[in-house]
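Colleague: Got run29.txt for you, compact mmCIF, C-alpha atoms (C1' of nucleotides):
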# COMPACT_ATOMS: atom_id res chain seq x y z
CA MET A 1 43.08 26.86 33.66
CA ALA A 2 41.93 30.38 34.48
CA THR A 3 38.19 29.84 33.90
CA PRO A 4 36.28 27.06 35.64
CA LEU A 5 35.05 24.31 33.37
CA TYR A 6 31.35 25.10 33.70
CA GLN A 7 32.06 28.62 32.52
CA ALA A 8 33.94 27.35 29.49
CA LYS A 9 31.02 25.05 28.78
CA ALA A 10 28.56 27.90 28.97
CA GLU A 11 30.65 29.95 26.57
CA PHE A 12 30.87 27.02 24.23
CA PHE A 13 27.09 26.63 24.14
CA ARG A 14 26.71 30.35 23.72
CA THR A 15 28.78 30.24 20.54
CA LEU A 16 26.33 27.64 19.23
CA GLY A 17 23.40 29.84 20.17
CA HIS A 18 22.85 31.66 16.90
CA PRO A 19 20.84 30.49 13.88
CA VAL A 20 23.47 31.45 11.31
CA ARG A 21 26.24 29.72 13.24
CA ILE A 22 24.13 26.59 13.58
CA ARG A 23 23.44 26.54 9.85
CA VAL A 24 27.12 27.03 9.09
CA LEU A 25 28.10 24.13 11.34
CA GLU A 26 25.44 21.92 9.81
CA LEU A 27 26.64 22.69 6.30
CA LEU A 28 30.31 22.32 7.20
CA SER A 29 29.76 19.07 9.05
CA GLU A 30 28.54 17.65 5.73
CA GLN A 31 31.54 18.93 3.79
CA ASP A 32 33.93 21.87 3.48
CA HIS A 33 32.59 25.03 1.87
CA ALA A 34 33.86 28.32 0.53
CA VAL A 35 32.29 31.44 2.00
CA HIS A 36 30.35 32.27 -1.15
CA GLU A 37 28.79 28.81 -1.05
CA LEU A 38 27.67 29.31 2.54
CA LEU A 39 26.41 32.71 1.52
CA ALA A 40 24.31 31.20 -1.26
CA ALA A 41 22.83 28.68 1.16
CA ILE A 42 22.13 30.90 4.12
CA ALA A 43 20.76 34.24 2.91
CA VAL A 44 22.47 36.75 5.17
CA GLU A 45 24.67 39.78 4.52
CA PRO A 46 28.27 38.88 3.68
CA SER A 47 29.60 40.98 6.51
CA ASN A 48 27.26 39.31 8.94
CA LEU A 49 28.30 35.85 7.84
CA SER A 50 31.89 36.89 8.18
CA GLN A 51 31.27 38.04 11.74
CA GLN A 52 29.64 34.75 12.65
CA LEU A 53 32.46 32.80 11.03
CA ALA A 54 34.89 34.84 13.10
CA VAL A 55 33.01 33.82 16.25
CA LEU A 56 33.24 30.15 15.32
CA ARG A 57 36.90 30.58 14.46
CA ARG A 58 37.72 32.22 17.79
CA ALA A 59 35.93 29.37 19.55
CA GLY A 60 38.17 26.95 17.66
CA LEU A 61 35.27 25.13 16.03
CA VAL A 62 36.13 25.89 12.41
CA ARG A 63 39.27 26.41 10.42
CA GLN A 64 39.88 28.84 7.58
CA SER A 65 42.16 28.27 4.58
CA ARG A 66 42.72 30.33 1.50
CA GLU A 67 42.48 28.46 -1.80
CA GLY A 68 43.22 30.76 -4.69
CA GLY A 69 40.67 33.51 -4.80
CA GLN A 70 38.37 31.99 -2.22
CA VAL A 71 38.37 31.11 1.47
CA VAL A 72 37.35 27.62 2.46
CA TYR A 73 36.07 26.69 5.91
CA SER A 74 36.02 23.30 7.59
CA VAL A 75 34.99 22.06 11.04
CA SER A 76 38.04 21.40 13.17
CA VAL A 77 36.29 19.12 15.67
CA PRO A 78 34.36 16.24 14.08
CA GLU A 79 32.32 15.54 17.23
CA VAL A 80 30.32 18.69 16.50
CA ARG A 81 28.19 16.63 14.17
CA GLU A 82 27.39 14.24 16.99
CA LEU A 83 26.48 17.13 19.27
CA LEU A 84 24.04 18.52 16.73
CA VAL A 85 22.41 15.10 16.40
CA VAL A 86 21.94 14.74 20.15
CA ALA A 87 20.64 18.28 20.32
CA ARG A 88 18.04 17.58 17.66
CA ARG A 89 16.92 14.49 19.52
CA ILE A 90 16.45 16.45 22.75
CA LEU A 91 14.71 19.26 20.93
CA VAL A 92 12.25 16.94 19.23
CA GLY A 93 11.53 15.29 22.58
CA VAL A 94 10.87 18.60 24.26
CA LEU A 95 8.69 19.91 21.44
CA GLU A 96 6.63 16.74 21.41
CA GLU A 97 6.13 16.86 25.14
CA GLN A 98 5.06 20.49 24.95
CA SER A 99 2.50 19.83 22.23
CA VAL A 100 1.11 16.87 24.16
CA LEU A 101 0.77 19.14 27.16
CA LYS A 102 -0.98 21.72 25.05
CA GLN A 103 -3.50 19.12 23.87
CA GLU A 104 -4.19 18.04 27.42
CA LEU A 105 -4.91 21.62 28.39
CA THR A 106 -7.32 22.27 25.47
CA PRO A 107 -10.07 19.60 25.59
CA GLU A 108 -11.21 20.03 21.99
CA SER A 109 -10.24 16.75 20.37
CA SER A 110 -11.66 13.15 20.27
CA PRO A 111 -14.12 12.76 17.30
CA MET B 1 5.94 24.58 13.27
CA ALA B 2 6.21 28.37 13.24
CA THR B 3 9.98 28.64 13.75
CA PRO B 4 12.45 26.84 11.49
CA LEU B 5 14.37 24.04 13.15
CA TYR B 6 17.76 25.72 13.09
CA GLN B 7 16.29 28.66 14.96
CA ALA B 8 14.83 26.38 17.61
CA LYS B 9 18.22 24.73 17.88
CA ALA B 10 19.95 28.06 18.36
CA GLU B 11 17.48 29.01 21.09
CA PHE B 12 18.03 25.67 22.75
CA PHE B 13 21.78 26.15 22.83
CA ARG B 14 21.33 29.68 24.06
CA THR B 15 19.42 28.42 27.08
CA LEU B 16 22.43 26.24 27.88
CA GLY B 17 24.75 29.21 27.50
CA HIS B 18 24.94 30.35 31.10
CA PRO B 19 27.24 29.05 33.84
CA VAL B 20 24.53 28.81 36.50
CA ARG B 21 22.19 26.95 34.18
CA ILE B 22 24.96 24.54 33.24
CA ARG B 23 25.72 23.85 36.88
CA VAL B 24 22.06 23.31 37.63
CA LEU B 25 21.72 20.81 34.80
CA GLU B 26 24.85 19.01 35.87
CA LEU B 27 23.60 18.71 39.43
CA LEU B 28 20.09 17.70 38.39
CA SER B 29 21.34 15.14 35.91
CA GLU B 30 22.92 13.36 38.87
CA GLN B 31 19.77 13.44 40.96
CA ASP B 32 16.78 15.62 41.83
CA HIS B 33 17.40 18.59 44.11
CA ALA B 34 15.42 21.12 46.11
CA VAL B 35 16.19 24.76 45.38
CA HIS B 36 17.96 25.33 48.69
CA GLU B 37 20.28 22.43 47.87
CA LEU B 38 21.17 23.93 44.50
CA LEU B 39 21.63 27.22 46.26
CA ALA B 40 24.09 25.69 48.71
CA ALA B 41 26.05 24.15 45.85
CA ILE B 42 26.15 27.07 43.44
CA ALA B 43 26.74 30.29 45.39
CA VAL B 44 24.43 32.77 43.69
CA GLU B 45 21.62 35.01 44.89
CA PRO B 46 18.35 33.13 45.46
CA SER B 47 16.47 35.42 43.11
CA ASN B 48 19.08 34.92 40.44
CA LEU B 49 18.90 31.15 40.72
CA SER B 50 15.15 31.37 40.52
CA GLN B 51 15.42 33.37 37.30
CA GLN B 52 17.73 30.82 35.76
CA LEU B 53 15.48 27.97 36.84
CA ALA B 54 12.59 29.76 35.19
CA VAL B 55 14.57 29.92 31.94
CA LEU B 56 15.23 26.18 32.06
CA ARG B 57 11.58 25.56 32.90
CA ARG B 58 10.33 27.64 29.98
CA ALA B 59 12.68 25.74 27.69
CA GLY B 60 11.11 22.52 28.97
CA LEU B 61 14.40 21.11 30.23
CA VAL B 62 13.48 20.85 33.91
CA ARG B 63 10.36 20.19 35.90
CA GLN B 64 9.27 21.74 39.19
CA SER B 65 7.28 20.03 41.93
CA ARG B 66 6.35 21.15 45.38
CA GLU B 67 7.10 18.76 48.21
CA GLY B 68 5.96 20.12 51.54
CA GLY B 69 7.78 23.32 52.29
CA GLN B 70 10.29 22.97 49.47
CA VAL B 71 10.37 22.92 45.70
CA VAL B 72 12.15 20.05 43.99
CA TYR B 73 13.51 20.22 40.45
CA SER B 74 14.31 17.39 38.06
CA VAL B 75 15.50 17.20 34.45
CA SER B 76 12.63 16.31 32.17
CA VAL B 77 14.79 15.08 29.28
CA PRO B 78 17.38 12.46 30.27
CA GLU B 79 19.47 12.93 27.10
CA VAL B 80 20.68 16.23 28.55
CA ARG B 81 23.30 14.27 30.43
CA GLU B 82 24.57 12.79 27.16
CA LEU B 83 24.71 16.23 25.61
CA LEU B 84 26.82 17.56 28.45
CA VAL B 85 29.21 14.63 28.09
CA VAL B 86 29.66 15.19 24.35
CA ALA B 87 30.10 18.89 24.97
CA ARG B 88 32.84 18.26 27.49
CA ARG B 89 34.61 15.98 25.03
CA ILE B 90 34.54 18.63 22.31
CA LEU B 91 35.62 21.32 24.72
CA VAL B 92 38.59 19.34 25.97
CA GLY B 93 39.60 18.64 22.37
CA VAL B 94 39.42 22.29 21.44
CA LEU B 95 41.29 23.45 24.53
CA GLU B 96 44.06 20.92 23.96
CA GLU B 97 44.42 21.93 20.35
CA GLN B 98 44.61 25.58 21.33
CA SER B 99 47.31 24.99 23.91
CA VAL B 100 49.32 22.92 21.43
CA LEU B 101 49.04 25.78 18.99
CA LYS B 102 50.20 28.19 21.64
CA GLN B 103 53.29 26.08 22.33
CA GLU B 104 54.13 25.99 18.65
CA LEU B 105 53.97 29.76 18.50
CA THR B 106 56.20 30.28 21.55
CA PRO B 107 59.48 28.42 20.94
CA GLU B 108 60.54 28.17 24.59
CA SER B 109 60.30 24.46 25.33
CA SER B 110 62.41 21.32 24.62
CA PRO B 111 65.00 20.79 27.41
C1' DA C 1 -3.01 34.46 63.93
C1' DC C 2 2.05 35.15 63.74
C1' DT C 3 6.83 34.20 62.53
C1' DG C 4 10.19 32.14 59.80
C1' DT C 5 11.87 29.53 55.89
C1' DA C 6 11.67 28.59 50.99
C1' DC C 7 11.00 30.38 46.63
C1' DT C 8 9.21 33.39 42.87
C1' DT C 9 8.24 37.64 40.40
C1' DG C 10 8.69 42.43 38.49
C1' DA C 11 11.32 45.98 37.23
C1' DA C 12 15.34 48.65 35.90
C1' DG C 13 20.18 49.73 35.25
C1' DA C 14 24.43 47.59 33.56
C1' DT C 15 26.39 44.69 30.19
C1' DG C 16 26.74 41.99 26.11
C1' DT C 17 25.22 40.61 21.28
C1' DT C 18 23.61 41.35 16.63
C1' DT C 19 23.20 43.83 12.40
C1' DG C 20 24.28 46.61 8.45
C1' DC C 21 27.02 50.12 6.37
C1' DA C 22 31.16 51.92 4.81
C1' DA C 23 35.76 51.09 4.10
C1' DG C 24 39.70 47.94 3.55
C1' DT C 25 42.62 43.73 1.91
C1' DG C 26 43.97 39.98 -1.33
C1' DA C 27 43.94 37.40 -5.58
C1' DC C 28 42.88 37.11 -10.37
C1' DG C 29 42.15 38.34 -15.19
C1' DA C 30 41.91 41.97 -18.91
C1' DT D 1 47.65 48.88 -13.77
C1' DC D 2 42.83 48.74 -13.33
C1' DG D 3 38.60 46.67 -12.28
C1' DT D 4 36.26 43.02 -10.11
C1' DC D 5 35.09 39.26 -7.16
C1' DA D 6 35.61 37.24 -2.58
C1' DC D 7 36.01 38.25 2.00
C1' DT D 8 37.05 40.74 6.35
C1' DT D 9 37.06 44.57 9.75
C1' DG D 10 35.43 48.70 12.54
C1' DC D 11 31.91 50.88 14.18
C1' DA D 12 27.43 52.50 16.04
C1' DA D 13 22.54 51.87 16.55
C1' DA D 14 19.06 48.42 17.83
C1' DC D 15 18.21 44.67 20.63
C1' DA D 16 18.59 40.98 24.23
C1' DT D 17 20.37 39.18 28.47
C1' DC D 18 21.94 39.42 33.26
C1' DT D 19 21.90 40.94 37.93
C1' DT D 20 20.04 42.83 41.92
C1' DC D 21 16.62 44.95 44.87
C1' DA D 22 12.23 45.16 46.73
C1' DA D 23 8.00 43.02 47.16
C1' DG D 24 5.08 38.99 46.93
C1' DT D 25 3.27 33.95 47.54
C1' DA D 26 3.23 29.33 49.86
C1' DC D 27 3.75 26.36 53.45
C1' DA D 28 5.13 24.64 58.36
C1' DG D 29 5.57 25.15 63.13
C1' DT D 30 4.03 27.61 67.48
Show how you would write the structure in this file as structure tokens.
Modeller:
Amino acid sequence: MATPLYQAKAEFFRTLGHPVRIRVLELLSEQDHAVHELLAAIAVEPSNLSQQLAVLRRAGLVRQSREGGQVVYSVSVPEVRELLVVARRILVGVLEEQSVLKQELTPESSP
Amino acid sequence: MATPLYQAKAEFFRTLGHPVRIRVLELLSEQDHAVHELLAAIAVEPSNLSQQLAVLRRAGLVRQSREGGQVVYSVSVPEVRELLVVARRILVGVLEEQSVLKQELTPESSP
DNA sequence: ACTGTACTTGAAGATGTTTGCAAGTGACGA
DNA sequence: TCGTCACTTGCAAACATCTTCAAGTACAGT
């Protein structure tokens, strides 16, 4: 292995670090979708979506397959769903904690 | 909530997308550490480490506390450990798959 | 008060990422 | 064959991140 593991991990997280790519993975972890379906759901320029799909493809997280006139994508690693769930849990925890902190710093409550 | 959830998620993953920050979280998820300890383990300029710690702090993933002459950090969300474990699993899966694919494309094996 | 150790901060150049446009490919039906 | 829909690619400007240096704060020991 040329790159140390922690570097590979960082790269992996970096490929998840984009709103469009997150949305794509969320949609694909529900079920496979053609590009025009993703496009209808995400509201982004086709070329941009294509670029982001290419990033996910290069990272080996999704798979592409032509079906007639359209191109269908699917997640190639099912655990991605699990990762997104854990991430949401952490995120909610952090956000809650931050808002609690904010309340403690602004003494303007208690009726 | 001002930012949509998928954007917050992307930002969250982006803060994990750096080798030094990954190493820090790995070390801190084992046990708390003072900055000079992290520094000894990671091999990076002090100021750089400090910057990365600040990023993790702003994201609410770690907590800082002064203890005498030194500053001790700890993870503030225990699930981070779980996330790193799931991430490693996915990563190993992807890397394996890619190397299998590479073997299939280079027909130079089988004794 | 002075020196040293432990960290943090600000700023700026280098480096990487994102975005949208224009152009290109592939499959299908008229 | 021609037009059209579905996608992808290359490229350059706009934007964000990373790294390092120099300077600054905080505390402990002398």
Colleague: Within 8 Å of chain A, which residues of chain C show up when using all atoms listed in the file, listed as a list in words?
Modeller: DT19, DG20, DA27 and DC28 of chain C
Colleague: Wanna dump the chain B-chain A contacts at 9 Å for me, each residue with its shortest atom pair and the distance in Å to one decimal, counting all atoms listed in the file, ordered by chain and number, as a tab-separated table?
Modeller:
residue	atom	partner	partner_atom	distance
B:Leu5	CA	A:Arg88	CA	8.7
B:Tyr6	CA	A:Pro19	CA	5.7
B:Gln7	CA	A:Pro19	CA	5.0
B:Ala8	CA	A:Leu91	CA	7.9
B:Lys9	CA	A:Arg88	CA	7.2
B:Ala10	CA	A:Gly17	CA	4.3
B:Glu11	CA	A:Gly17	CA	6.0
B:Phe12	CA	A:Gly17	CA	7.3
B:Phe13	CA	A:Gly17	CA	4.8
B:Arg14	CA	A:Gly17	CA	4.4
B:Thr15	CA	A:Gly17	CA	8.1
B:Leu16	CA	A:Phe13	CA	6.0
B:Gly17	CA	A:Ala10	CA	4.3
B:His18	CA	A:Ala10	CA	4.9
B:Pro19	CA	A:Gln7	CA	5.0
B:Val20	CA	A:Tyr6	CA	8.3
B:Arg21	CA	A:Ala10	CA	8.3
B:Ile22	CA	A:Tyr6	CA	6.4
B:Arg23	CA	A:Tyr6	CA	6.6
B:Ala59	CA	A:Val94	CA	8.1
B:Gly60	CA	A:Val94	CA	6.1
B:Leu61	CA	A:Val94	CA	7.4
B:Ser76	CA	A:Val94	CA	8.4
B:Val77	CA	A:Ile90	CA	6.9
B:Pro78	CA	A:Ile90	CA	8.6
B:Glu79	CA	A:Ile90	CA	6.4
B:Val80	CA	A:Ile90	CA	7.2
B:Glu82	CA	A:Val86	CA	7.7
B:Leu83	CA	A:Val86	CA	6.3
B:Leu84	CA	A:Lys9	CA	8.6
B:Val86	CA	A:Leu83	CA	6.3
B:Ala87	CA	A:Leu83	CA	7.0
B:Arg88	CA	A:Lys9	CA	7.1
B:Arg89	CA	A:Glu79	CA	8.1
B:Ile90	CA	A:Glu79	CA	6.3
B:Leu91	CA	A:Lys9	CA	7.2
B:Gly93	CA	A:Val77	CA	7.5
B:Val94	CA	A:Gly60	CA	6.1
B:Leu95	CA	A:Gly60	CA	8.3
B:Glu97	CA	A:Gly60	CA	8.5
B:Gln98	CA	A:Gly60	CA	7.5
Colleague: Could you write out the selected residues, including C-alpha atoms, as a PDB file, in the coordinates of the input?
Modeller:
ATOM      1  CA  LEU B   5      14.370  24.040  13.150  1.00  0.00           C
ATOM      2  CA  TYR B   6      17.760  25.720  13.090  1.00  0.00           C
ATOM      3  CA  GLN B   7      16.290  28.660  14.960  1.00  0.00           C
ATOM      4  CA  ALA B   8      14.830  26.380  17.610  1.00  0.00           C
ATOM      5  CA  LYS B   9      18.220  24.730  17.880  1.00  0.00           C
ATOM      6  CA  ALA B  10      19.950  28.060  18.360  1.00  0.00           C
ATOM      7  CA  GLU B  11      17.480  29.010  21.090  1.00  0.00           C
ATOM      8  CA  PHE B  12      18.030  25.670  22.750  1.00  0.00           C
ATOM      9  CA  PHE B  13      21.780  26.150  22.830  1.00  0.00           C
ATOM     10  CA  ARG B  14      21.330  29.680  24.060  1.00  0.00           C
ATOM     11  CA  THR B  15      19.420  28.420  27.080  1.00  0.00           C
ATOM     12  CA  LEU B  16      22.430  26.240  27.880  1.00  0.00           C
ATOM     13  CA  GLY B  17      24.750  29.210  27.500  1.00  0.00           C
ATOM     14  CA  HIS B  18      24.940  30.350  31.100  1.00  0.00           C
ATOM     15  CA  PRO B  19      27.240  29.050  33.840  1.00  0.00           C
ATOM     16  CA  VAL B  20      24.530  28.810  36.500  1.00  0.00           C
ATOM     17  CA  ARG B  21      22.190  26.950  34.180  1.00  0.00           C
ATOM     18  CA  ILE B  22      24.960  24.540  33.240  1.00  0.00           C
ATOM     19  CA  ARG B  23      25.720  23.850  36.880  1.00  0.00           C
ATOM     20  CA  ALA B  59      12.680  25.740  27.690  1.00  0.00           C
ATOM     21  CA  GLY B  60      11.110  22.520  28.970  1.00  0.00           C
ATOM     22  CA  LEU B  61      14.400  21.110  30.230  1.00  0.00           C
ATOM     23  CA  SER B  76      12.630  16.310  32.170  1.00  0.00           C
ATOM     24  CA  VAL B  77      14.790  15.080  29.280  1.00  0.00           C
ATOM     25  CA  PRO B  78      17.380  12.460  30.270  1.00  0.00           C
ATOM     26  CA  GLU B  79      19.470  12.930  27.100  1.00  0.00           C
ATOM     27  CA  VAL B  80      20.680  16.230  28.550  1.00  0.00           C
ATOM     28  CA  GLU B  82      24.570  12.790  27.160  1.00  0.00           C
ATOM     29  CA  LEU B  83      24.710  16.230  25.610  1.00  0.00           C
ATOM     30  CA  LEU B  84      26.820  17.560  28.450  1.00  0.00           C
ATOM     31  CA  VAL B  86      29.660  15.190  24.350  1.00  0.00           C
ATOM     32  CA  ALA B  87      30.100  18.890  24.970  1.00  0.00           C
ATOM     33  CA  ARG B  88      32.840  18.260  27.490  1.00  0.00           C
ATOM     34  CA  ARG B  89      34.610  15.980  25.030  1.00  0.00           C
ATOM     35  CA  ILE B  90      34.540  18.630  22.310  1.00  0.00           C
ATOM     36  CA  LEU B  91      35.620  21.320  24.720  1.00  0.00           C
ATOM     37  CA  GLY B  93      39.600  18.640  22.370  1.00  0.00           C
ATOM     38  CA  VAL B  94      39.420  22.290  21.440  1.00  0.00           C
ATOM     39  CA  LEU B  95      41.290  23.450  24.530  1.00  0.00           C
ATOM     40  CA  GLU B  97      44.420  21.930  20.350  1.00  0.00           C
ATOM     41  CA  GLN B  98      44.610  25.580  21.330  1.00  0.00           C
TER      42      GLN B  98
END
Colleague: At what distance in Å, to one decimal, does CA of Val35 in chain B lie from CA of Tyr73 in chain B?
Modeller: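 Atom-to-atom, CA of Tyr73 in chain B and CA of Val35 in chain B are spaced 7.2 Å apart.
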Colleague: For the atom pair CA of His36 in chain B and CA of Val24 in chain B, what is the interatomic distance in Å to one decimal place?
Modeller: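 Those two atoms sit 12.0 Å apart.
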Colleague: Select all residues near (23.8, 47.2, 31.5) (cut-off 10 Å, inclusive, file coordinates), counting all atoms listed in the file, and output them as JSON, numbers by chain.
Modeller: {"C": [12, 13, 14, 15, 16], "D": [17, 18, 19]}
Colleague: Could you tell me how far CA of Ser29 in chain A sits from CA of Ser74 in chain A, in Å to one decimal place?
Modeller: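 Atom-to-atom, CA of Ser74 in chain A and CA of Ser29 in chain A are spaced 7.7 Å apart.
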Colleague: Which residue gives the smallest distance to chain B among D:DT30, D:DT20, D:DT25, D:DT9, with all atoms listed in the file counted?
Modeller: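 Selected residue with least distance to chain B: D:DT20.
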Colleague: Just fit chain A onto chain B on all the Cα atoms, in order, by least squares, and give it as a short mmCIF file (atom, residue, chain, number, x, y, z; two decimals) with C-alpha atoms, in the coordinates of the input.
Modeller:
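To be explicit, this is the file written out as part17.cif:
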data_model
loop_
_atom_site.label_atom_id
_atom_site.label_comp_id
_atom_site.auth_asym_id
_atom_site.auth_seq_id
_atom_site.Cartn_x
_atom_site.Cartn_y
_atom_site.Cartn_z
CA MET A 1 5.93 24.70 13.22
CA ALA A 2 6.22 28.48 13.20
CA THR A 3 10.00 28.71 13.74
CA PRO A 4 12.45 26.88 11.50
CA LEU A 5 14.34 24.07 13.15
CA TYR A 6 17.75 25.75 13.09
CA GLN A 7 16.28 28.67 14.98
CA ALA A 8 14.82 26.38 17.62
CA LYS A 9 18.21 24.72 17.89
CA ALA A 10 19.94 28.04 18.38
CA GLU A 11 17.49 28.99 21.11
CA PHE A 12 18.02 25.66 22.76
CA PHE A 13 21.79 26.14 22.86
CA ARG A 14 21.31 29.67 24.08
CA THR A 15 19.40 28.41 27.11
CA LEU A 16 22.42 26.22 27.89
CA GLY A 17 24.74 29.19 27.52
CA HIS A 18 24.94 30.34 31.11
CA PRO A 19 27.24 29.05 33.86
CA VAL A 20 24.53 28.81 36.51
CA ARG A 21 22.18 26.94 34.19
CA ILE A 22 24.95 24.53 33.24
CA ARG A 23 25.73 23.84 36.89
CA VAL A 24 22.05 23.29 37.64
CA LEU A 25 21.71 20.80 34.80
CA GLU A 26 24.85 18.99 35.89
CA LEU A 27 23.59 18.69 39.45
CA LEU A 28 20.09 17.68 38.40
CA SER A 29 21.32 15.12 35.91
CA GLU A 30 22.93 13.34 38.88
CA GLN A 31 19.76 13.45 40.98
CA ASP A 32 16.77 15.62 41.85
CA HIS A 33 17.38 18.59 44.13
CA ALA A 34 15.42 21.13 46.11
CA VAL A 35 16.19 24.77 45.38
CA HIS A 36 17.97 25.33 48.68
CA GLU A 37 20.28 22.43 47.88
CA LEU A 38 21.16 23.93 44.51
CA LEU A 39 21.63 27.23 46.27
CA ALA A 40 24.09 25.69 48.71
CA ALA A 41 26.05 24.15 45.85
CA ILE A 42 26.14 27.06 43.45
CA ALA A 43 26.74 30.28 45.38
CA VAL A 44 24.43 32.76 43.67
CA GLU A 45 21.61 34.98 44.89
CA PRO A 46 18.34 33.12 45.43
CA SER A 47 16.49 35.41 43.09
CA ASN A 48 19.09 34.88 40.41
CA LEU A 49 18.90 31.13 40.72
CA SER A 50 15.16 31.36 40.52
CA GLN A 51 15.41 33.35 37.31
CA GLN A 52 17.73 30.80 35.76
CA LEU A 53 15.48 27.95 36.85
CA ALA A 54 12.59 29.77 35.21
CA VAL A 55 14.57 29.91 31.96
CA LEU A 56 15.22 26.17 32.07
CA ARG A 57 11.58 25.55 32.92
CA ARG A 58 10.32 27.63 29.99
CA ALA A 59 12.67 25.72 27.71
CA GLY A 60 11.10 22.50 28.98
CA LEU A 61 14.39 21.09 30.26
CA VAL A 62 13.47 20.84 33.93
CA ARG A 63 10.34 20.18 35.91
CA GLN A 64 9.26 21.74 39.19
CA SER A 65 7.26 20.03 41.94
CA ARG A 66 6.31 21.20 45.37
CA GLU A 67 7.07 18.77 48.20
CA GLY A 68 5.89 20.17 51.50
CA GLY A 69 7.74 23.34 52.26
CA GLN A 70 10.26 22.98 49.47
CA VAL A 71 10.37 22.94 45.68
CA VAL A 72 12.14 20.07 43.99
CA TYR A 73 13.51 20.22 40.45
CA SER A 74 14.30 17.38 38.09
CA VAL A 75 15.50 17.18 34.48
CA SER A 76 12.63 16.30 32.18
CA VAL A 77 14.79 15.07 29.30
CA PRO A 78 17.37 12.45 30.28
CA GLU A 79 19.44 12.93 27.11
CA VAL A 80 20.68 16.22 28.54
CA ARG A 81 23.28 14.26 30.43
CA GLU A 82 24.54 12.78 27.18
CA LEU A 83 24.70 16.22 25.60
CA LEU A 84 26.82 17.56 28.44
CA VAL A 85 29.20 14.62 28.07
CA VAL A 86 29.64 15.19 24.34
CA ALA A 87 30.09 18.89 24.97
CA ARG A 88 32.85 18.25 27.48
CA ARG A 89 34.60 15.98 25.03
CA ILE A 90 34.52 18.64 22.30
CA LEU A 91 35.61 21.32 24.73
CA VAL A 92 38.58 19.32 25.95
CA GLY A 93 39.58 18.64 22.34
CA VAL A 94 39.41 22.29 21.43
CA LEU A 95 41.30 23.43 24.52
CA GLU A 96 44.04 20.89 23.92
CA GLU A 97 44.40 21.92 20.32
CA GLN A 98 44.61 25.57 21.30
CA SER A 99 47.32 24.96 23.88
CA VAL A 100 49.31 22.88 21.40
CA LEU A 101 49.04 25.76 18.96
CA LYS A 102 50.20 28.16 21.62
CA GLN A 103 53.28 26.02 22.28
CA GLU A 104 54.11 25.91 18.60
CA LEU A 105 53.96 29.68 18.43
CA THR A 106 56.23 30.23 21.48
CA PRO A 107 59.52 28.36 20.86
CA GLU A 108 60.62 28.26 24.50
CA SER A 109 60.47 24.58 25.36
CA SER A 110 62.69 21.47 24.72
CA PRO A 111 65.25 21.03 27.60
#
Colleague: As a count of residues only, could you give me every residue of chain D near chain B (at most 8 Å apart, counting all atoms listed in the file)?
Modeller: 4
Colleague: May I ask which of the residues B:Ser50, B:Leu28, B:Val75, B:Glu37 is the closest one to DT8 in chain C, counting all atoms listed in the file?
Modeller: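 Counting all atoms listed in the file, the residue closest to DT8 in chain C is B:Ser50.
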Colleague: Using all atoms listed in the file, which of D:DA16, D:DG29, D:DA23, D:DC2 sits nearest DT5 in chain C?
Modeller: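 Counting all atoms listed in the file, the residue closest to DT5 in chain C is D:DG29.
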Colleague: Show me as number ranges by chain the residues that reach within 9 Å of (40.4, 43.4, -0.3), counting all atoms listed in the file and using the file's own coordinates.
Modeller: C: 24-27; D: 6-8
